[in-house]
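Text of upload02.pdb (PDB, C-alpha atoms) as supplied:
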ATOM      1  CA  MET K  19      -2.370 -28.889  41.594  1.00  0.00           C
ATOM      2  CA  LYS K  20      -2.072 -32.300  43.245  1.00  0.00           C
ATOM      3  CA  SER K  21       1.713 -32.477  42.812  1.00  0.00           C
ATOM      4  CA  ILE K  22       2.228 -29.225  44.686  1.00  0.00           C
ATOM      5  CA  GLN K  23      -0.053 -30.460  47.484  1.00  0.00           C
ATOM      6  CA  LEU K  24       1.864 -33.765  47.687  1.00  0.00           C
ATOM      7  CA  VAL K  25       5.276 -32.104  47.830  1.00  0.00           C
ATOM      8  CA  THR K  26       4.046 -29.564  50.379  1.00  0.00           C
ATOM      9  CA  ARG K  27       2.662 -32.415  52.508  1.00  0.00           C
ATOM     10  CA  TYR K  28       6.058 -34.164  52.301  1.00  0.00           C
ATOM     11  CA  TYR K  29       7.964 -31.076  53.485  1.00  0.00           C
ATOM     12  CA  ASP K  30       5.370 -30.340  56.191  1.00  0.00           C
ATOM     13  CA  ALA K  31       5.990 -33.871  57.523  1.00  0.00           C
ATOM     14  CA  PHE K  32       9.737 -33.169  57.408  1.00  0.00           C
ATOM     15  CA  ASN K  33       9.254 -30.046  59.513  1.00  0.00           C
ATOM     16  CA  ARG K  34       7.265 -32.042  62.085  1.00  0.00           C
ATOM     17  CA  GLY K  35       9.972 -34.720  62.241  1.00  0.00           C
ATOM     18  CA  ASP K  36       7.309 -37.157  61.038  1.00  0.00           C
ATOM     19  CA  ILE K  37       9.198 -39.888  59.177  1.00  0.00           C
ATOM     20  CA  GLU K  38       6.019 -41.944  58.702  1.00  0.00           C
ATOM     21  CA  GLY K  39       4.313 -38.910  57.189  1.00  0.00           C
ATOM     22  CA  MET K  40       7.217 -38.446  54.785  1.00  0.00           C
ATOM     23  CA  LEU K  41       7.173 -42.136  53.827  1.00  0.00           C
ATOM     24  CA  ALA K  42       3.430 -41.938  53.137  1.00  0.00           C
ATOM     25  CA  CYS K  43       4.197 -39.488  50.316  1.00  0.00           C
ATOM     26  CA  LEU K  44       6.721 -41.803  48.627  1.00  0.00           C
ATOM     27  CA  ALA K  45       6.483 -44.625  46.120  1.00  0.00           C
ATOM     28  CA  ASP K  46       7.709 -47.981  47.440  1.00  0.00           C
ATOM     29  CA  ASP K  47      10.682 -47.885  45.043  1.00  0.00           C
ATOM     30  CA  VAL K  48      11.530 -44.212  45.614  1.00  0.00           C
ATOM     31  CA  VAL K  49      14.980 -43.132  44.438  1.00  0.00           C
ATOM     32  CA  HIS K  50      16.787 -40.769  46.802  1.00  0.00           C
ATOM     33  CA  ASP K  51      19.798 -38.881  45.469  1.00  0.00           C
ATOM     34  CA  VAL K  52      21.717 -37.595  48.462  1.00  0.00           C
ATOM     35  CA  ASN K  53      23.438 -34.212  48.150  1.00  0.00           C
ATOM     36  CA  GLN K  54      27.068 -34.821  47.124  1.00  0.00           C
ATOM     37  CA  GLY K  55      26.601 -38.481  48.040  1.00  0.00           C
ATOM     38  CA  GLY K  56      25.234 -41.735  46.773  1.00  0.00           C
ATOM     39  CA  GLN K  57      21.844 -42.955  45.731  1.00  0.00           C
ATOM     40  CA  ARG K  58      19.396 -45.021  47.772  1.00  0.00           C
ATOM     41  CA  GLN K  59      16.368 -46.868  46.475  1.00  0.00           C
ATOM     42  CA  GLY K  60      13.270 -47.929  48.354  1.00  0.00           C
ATOM     43  CA  LYS K  61      11.416 -46.841  51.450  1.00  0.00           C
ATOM     44  CA  ALA K  62      13.498 -48.980  53.831  1.00  0.00           C
ATOM     45  CA  LEU K  63      16.745 -47.210  52.902  1.00  0.00           C
ATOM     46  CA  PHE K  64      14.983 -43.851  52.927  1.00  0.00           C
ATOM     47  CA  ARG K  65      13.752 -44.569  56.476  1.00  0.00           C
ATOM     48  CA  GLU K  66      17.308 -45.487  57.578  1.00  0.00           C
ATOM     49  CA  PHE K  67      18.572 -42.216  56.107  1.00  0.00           C
ATOM     50  CA  CYS K  68      15.882 -40.205  57.920  1.00  0.00           C
ATOM     51  CA  GLU K  69      16.600 -41.934  61.238  1.00  0.00           C
ATOM     52  CA  HIS K  70      20.313 -41.221  60.836  1.00  0.00           C
ATOM     53  CA  MET K  71      19.621 -37.584  60.016  1.00  0.00           C
ATOM     54  CA  ALA K  72      17.353 -37.236  63.068  1.00  0.00           C
ATOM     55  CA  ARG K  73      20.197 -38.449  65.299  1.00  0.00           C
ATOM     56  CA  CYS K  74      22.765 -36.056  63.831  1.00  0.00           C
ATOM     57  CA  TYR K  75      20.716 -32.992  62.899  1.00  0.00           C
ATOM     58  CA  LYS K  76      17.681 -31.037  63.995  1.00  0.00           C
ATOM     59  CA  GLU K  77      16.375 -29.130  60.986  1.00  0.00           C
ATOM     60  CA  HIS K  78      13.421 -26.973  60.060  1.00  0.00           C
ATOM     61  CA  LEU K  79      12.702 -25.653  56.575  1.00  0.00           C
ATOM     62  CA  ASP K  80      11.488 -22.087  56.114  1.00  0.00           C
ATOM     63  CA  ASP K  81      10.558 -19.991  53.085  1.00  0.00           C
ATOM     64  CA  LEU K  82       9.197 -23.055  51.246  1.00  0.00           C
ATOM     65  CA  VAL K  83       8.191 -22.476  47.633  1.00  0.00           C
ATOM     66  CA  VAL K  84       6.959 -25.430  45.575  1.00  0.00           C
ATOM     67  CA  MET K  85       6.574 -25.445  41.805  1.00  0.00           C
ATOM     68  CA  ALA K  86       5.384 -28.197  39.456  1.00  0.00           C
ATOM     69  CA  SER K  87       5.366 -28.864  35.743  1.00  0.00           C
ATOM     70  CA  ASP K  88       2.052 -28.587  33.920  1.00  0.00           C
ATOM     71  CA  ASP K  89       1.758 -32.373  33.698  1.00  0.00           C
ATOM     72  CA  GLY K  90       2.541 -32.776  37.431  1.00  0.00           C
ATOM     73  CA  ARG K  91       5.362 -35.255  36.806  1.00  0.00           C
ATOM     74  CA  HIS K  92       8.139 -32.956  38.015  1.00  0.00           C
ATOM     75  CA  ALA K  93       8.321 -30.597  40.973  1.00  0.00           C
ATOM     76  CA  ALA K  94      10.908 -28.358  42.554  1.00  0.00           C
ATOM     77  CA  ALA K  95      11.106 -26.851  46.000  1.00  0.00           C
ATOM     78  CA  SER K  96      13.162 -23.959  47.275  1.00  0.00           C
ATOM     79  CA  PHE K  97      13.677 -23.453  50.998  1.00  0.00           C
ATOM     80  CA  THR K  98      16.008 -22.318  53.757  1.00  0.00           C
ATOM     81  CA  VAL K  99      17.371 -24.968  56.114  1.00  0.00           C
ATOM     82  CA  ASN K 100      17.686 -23.837  59.718  1.00  0.00           C
ATOM     83  CA  GLY K 101      19.505 -26.497  61.645  1.00  0.00           C
ATOM     84  CA  GLN K 102      21.517 -27.640  64.598  1.00  0.00           C
ATOM     85  CA  TYR K 103      24.317 -30.193  64.344  1.00  0.00           C
ATOM     86  CA  LEU K 104      23.615 -32.626  67.195  1.00  0.00           C
ATOM     87  CA  ALA K 105      25.976 -35.588  66.747  1.00  0.00           C
ATOM     88  CA  THR K 106      29.116 -35.992  64.638  1.00  0.00           C
ATOM     89  CA  ASP K 107      28.352 -37.449  61.225  1.00  0.00           C
ATOM     90  CA  GLU K 108      30.987 -39.704  59.661  1.00  0.00           C
ATOM     91  CA  GLY K 109      33.536 -37.799  57.596  1.00  0.00           C
ATOM     92  CA  LEU K 110      32.311 -34.388  58.758  1.00  0.00           C
ATOM     93  CA  PRO K 111      33.533 -31.922  61.394  1.00  0.00           C
ATOM     94  CA  PRO K 112      32.823 -32.684  65.067  1.00  0.00           C
ATOM     95  CA  ALA K 113      29.353 -31.742  66.320  1.00  0.00           C
ATOM     96  CA  ARG K 114      29.088 -29.378  69.261  1.00  0.00           C
ATOM     97  CA  GLY K 115      25.515 -28.193  68.857  1.00  0.00           C
ATOM     98  CA  GLN K 116      26.439 -25.681  66.145  1.00  0.00           C
ATOM     99  CA  THR K 117      23.643 -23.952  64.276  1.00  0.00           C
ATOM    100  CA  TYR K 118      23.513 -23.273  60.567  1.00  0.00           C
ATOM    101  CA  ARG K 119      21.320 -21.653  57.935  1.00  0.00           C
ATOM    102  CA  LEU K 120      21.503 -22.728  54.289  1.00  0.00           C
ATOM    103  CA  PRO K 121      19.600 -22.027  51.103  1.00  0.00           C
ATOM    104  CA  ALA K 122      18.635 -25.375  49.581  1.00  0.00           C
ATOM    105  CA  GLY K 123      16.314 -27.024  47.133  1.00  0.00           C
ATOM    106  CA  GLY K 124      14.776 -30.269  46.058  1.00  0.00           C
ATOM    107  CA  LEU K 125      14.008 -31.794  42.688  1.00  0.00           C
ATOM    108  CA  LEU K 126      11.239 -34.364  42.707  1.00  0.00           C
ATOM    109  CA  GLU K 127       9.564 -36.738  40.269  1.00  0.00           C
ATOM    110  CA  ILE K 128       5.983 -37.867  40.770  1.00  0.00           C
ATOM    111  CA  ALA K 129       3.883 -40.722  39.378  1.00  0.00           C
ATOM    112  CA  ASP K 130       0.558 -42.218  40.420  1.00  0.00           C
ATOM    113  CA  GLY K 131       0.160 -39.769  43.305  1.00  0.00           C
ATOM    114  CA  ALA K 132       3.507 -40.577  44.940  1.00  0.00           C
ATOM    115  CA  ILE K 133       7.010 -39.115  44.911  1.00  0.00           C
ATOM    116  CA  THR K 134       9.246 -41.474  42.926  1.00  0.00           C
ATOM    117  CA  ARG K 135      12.513 -39.539  43.130  1.00  0.00           C
ATOM    118  CA  ILE K 136      13.958 -36.908  45.478  1.00  0.00           C
ATOM    119  CA  ALA K 137      17.234 -35.063  45.013  1.00  0.00           C
ATOM    120  CA  THR K 138      18.135 -32.452  47.627  1.00  0.00           C
ATOM    121  CA  HIS K 139      20.801 -29.848  46.901  1.00  0.00           C
ATOM    122  CA  TYR K 140      22.707 -27.423  49.123  1.00  0.00           C
ATOM    123  CA  ASN K 141      26.223 -26.060  49.367  1.00  0.00           C
ATOM    124  CA  LEU K 142      28.152 -28.519  51.557  1.00  0.00           C
ATOM    125  CA  ASN K 143      31.197 -26.230  51.741  1.00  0.00           C
ATOM    126  CA  ASP K 144      28.992 -23.445  53.131  1.00  0.00           C
ATOM    127  CA  TRP K 145      27.592 -25.858  55.749  1.00  0.00           C
ATOM    128  CA  ILE K 146      31.109 -26.984  56.748  1.00  0.00           C
ATOM    129  CA  ALA K 147      32.292 -23.381  57.046  1.00  0.00           C
ATOM    130  CA  GLN K 148      29.346 -22.559  59.295  1.00  0.00           C
ATOM    131  CA  VAL K 149      29.795 -25.522  61.648  1.00  0.00           C
ATOM    132  CA  GLU K 150      33.536 -24.863  61.828  1.00  0.00           C
ATOM    133  CA  GLY K 151      32.828 -21.232  62.749  1.00  0.00           C
ATOM    134  CA  ARG K 152      34.167 -19.811  59.492  1.00  0.00           C
ATOM    135  CA  GLY K 153      30.816 -18.914  57.928  1.00  0.00           C
TER     136      GLY K 153
END

Can you turn what I pasted into structure tokens?
Amino acid sequence: MKSIQLVTRYYDAFNRGDIEGMLACLADDVVHDVNQGGQRQGKALFREFCEHMARCYKEHLDDLVVMASDDGRHAAASFTVNGQYLATDEGLPPARGQTYRLPAGGLLEIADGAITRIATHYNLNDWIAQVEGRG
């Protein structure tokens, strides 16, 4: 199914650190719902988010499973985030190169061959416990 291929291509680009490859999978007016955060709209804000994340975190997704609705308009992804906290992110614990491993997922909407909405979900409290050495 084309939706599964599109979402897989998006996450493959993520794993390569290829922001341009990720952007190529998105609609110009993409809506990005940030885990336990706000909402961004458009490729420019999505790019800023990705650049910020690349400064603060080094992440790779494993165990990727992608599913899509029969009509291809909705997709979901399940994965494990393996990461390293590189630089302190505002409002979060200090970074000291800590590593973490989190189960996570994404909910995506698709139209006209592009991802129109992405919402990523993970347990922030679990992440905080891990980087503080309590997890």

Residues at most 7 Å from K:Thr134, counting all atoms listed in the file, excluding those fewer than 6 positions away in the same chain, as JSON, numbers by chain?
{"K": [44, 45, 47, 48, 49, 127, 128]}

Saved selection, atoms kept: C-alpha atoms, as an mmCIF file, in the frame of the given file:
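Dumped everything to result_16.cif:
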data_model
loop_
_atom_site.group_PDB
_atom_site.id
_atom_site.type_symbol
_atom_site.label_atom_id
_atom_site.label_comp_id
_atom_site.auth_asym_id
_atom_site.auth_seq_id
_atom_site.Cartn_x
_atom_site.Cartn_y
_atom_site.Cartn_z
ATOM 1 C CA LEU K 44 6.721 -41.803 48.627
ATOM 2 C CA ALA K 45 6.483 -44.625 46.120
ATOM 3 C CA ASP K 47 10.682 -47.885 45.043
ATOM 4 C CA VAL K 48 11.530 -44.212 45.614
ATOM 5 C CA VAL K 49 14.980 -43.132 44.438
ATOM 6 C CA GLU K 127 9.564 -36.738 40.269
ATOM 7 C CA ILE K 128 5.983 -37.867 40.770
#

Run the PyMOL selection byres ((chain K and resi 133) around 12) against the file shown and list the residues it catches, as a PyMOL selection string.
chain K and resi 20-29+40-50+60-61+90-94+124-132+134-137

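With distances restricted to all atoms listed in the file, K:His139 is the closest residue to K:Thr98 from K:Arg34, K:Arg114, K:His139, K:Arg65.
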
If the PyMOL selection byres ((chain K and resi 80) around 6) were run on this exact file, what residues would it hold? Put them as number ranges by chain.
K: 79, 81-82, 97-98

Using atom CA of K:Val52 and atom CA of K:Gly109 as the two end points, give the distance in Å to one decimal.
14.9 Å

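With only C-alpha atoms as the atoms that count, the minimum distance from K:Met71 to the choices K:Phe32, K:Gly56, K:Glu38, K:Asp89 is reached by K:Phe32.
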
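The residue that comes closest to K:Trp145, out of K:Ala62, K:Ala72, K:Leu120, K:Ala105 and on the basis of all atoms listed in the file, is K:Leu120.
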
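You can rank K:Thr138, K:Gln102, K:Asn53, K:Asn143 by their closest distance to K:Glu77 using only C-alpha atoms, and at the top of that list sits K:Gln102.
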
Let me make sure I understand: among K:Met19, K:Ala122, K:Ala147, K:Leu110, which one has the smallest atom-to-atom distance to K:Asp88 if we use only C-alpha atoms?
K:Met19

Atomic separation - atom CA of K:Ala113 relative to atom CA of K:Leu142, Å
15.2 Å

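Every residue that the PyMOL selection byres ((chain K and resi 149) around 8) selects in this file is listed here: Tyr103, Pro111, Ala113, Gln116, Thr117, Tyr118, Trp145, Ile146, Ala147, Gln148, Glu150, Gly151, Arg152 and Gly153 of chain K.
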
List every protein, DNA or RNA residue that has an atom no more than 10 Å from (21.4, -38.1, 65.5) in the file's coordinate frame, counting all atoms listed in the file, and report them as a compact mmCIF listing (two decimals) with C-alpha atoms, in the frame of the given file.
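As written to disk, point-v4.txt reads:
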# COMPACT_ATOMS: atom_id res chain seq x y z
CA CYS K 68 15.88 -40.20 57.92
CA GLU K 69 16.60 -41.93 61.24
CA HIS K 70 20.31 -41.22 60.84
CA MET K 71 19.62 -37.58 60.02
CA ALA K 72 17.35 -37.24 63.07
CA ARG K 73 20.20 -38.45 65.30
CA CYS K 74 22.76 -36.06 63.83
CA TYR K 75 20.72 -32.99 62.90
CA LYS K 76 17.68 -31.04 64.00
CA TYR K 103 24.32 -30.19 64.34
CA LEU K 104 23.62 -32.63 67.19
CA ALA K 105 25.98 -35.59 66.75
CA THR K 106 29.12 -35.99 64.64
CA ASP K 107 28.35 -37.45 61.22

Centre and size of axis-aligned box enclosing stretch 28-46 of chain K plus 4 Å each side, as JSON:
{"center_x": 6.7, "center_y": -39.0, "center_z": 54.2, "size_x": 14.5, "size_y": 25.9, "size_z": 24.1}

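Nearest residue to K:Phe67 among K:Glu108, K:Ser96, K:Gly123, K:Ile37 is K:Ile37, counting all atoms listed in the file.
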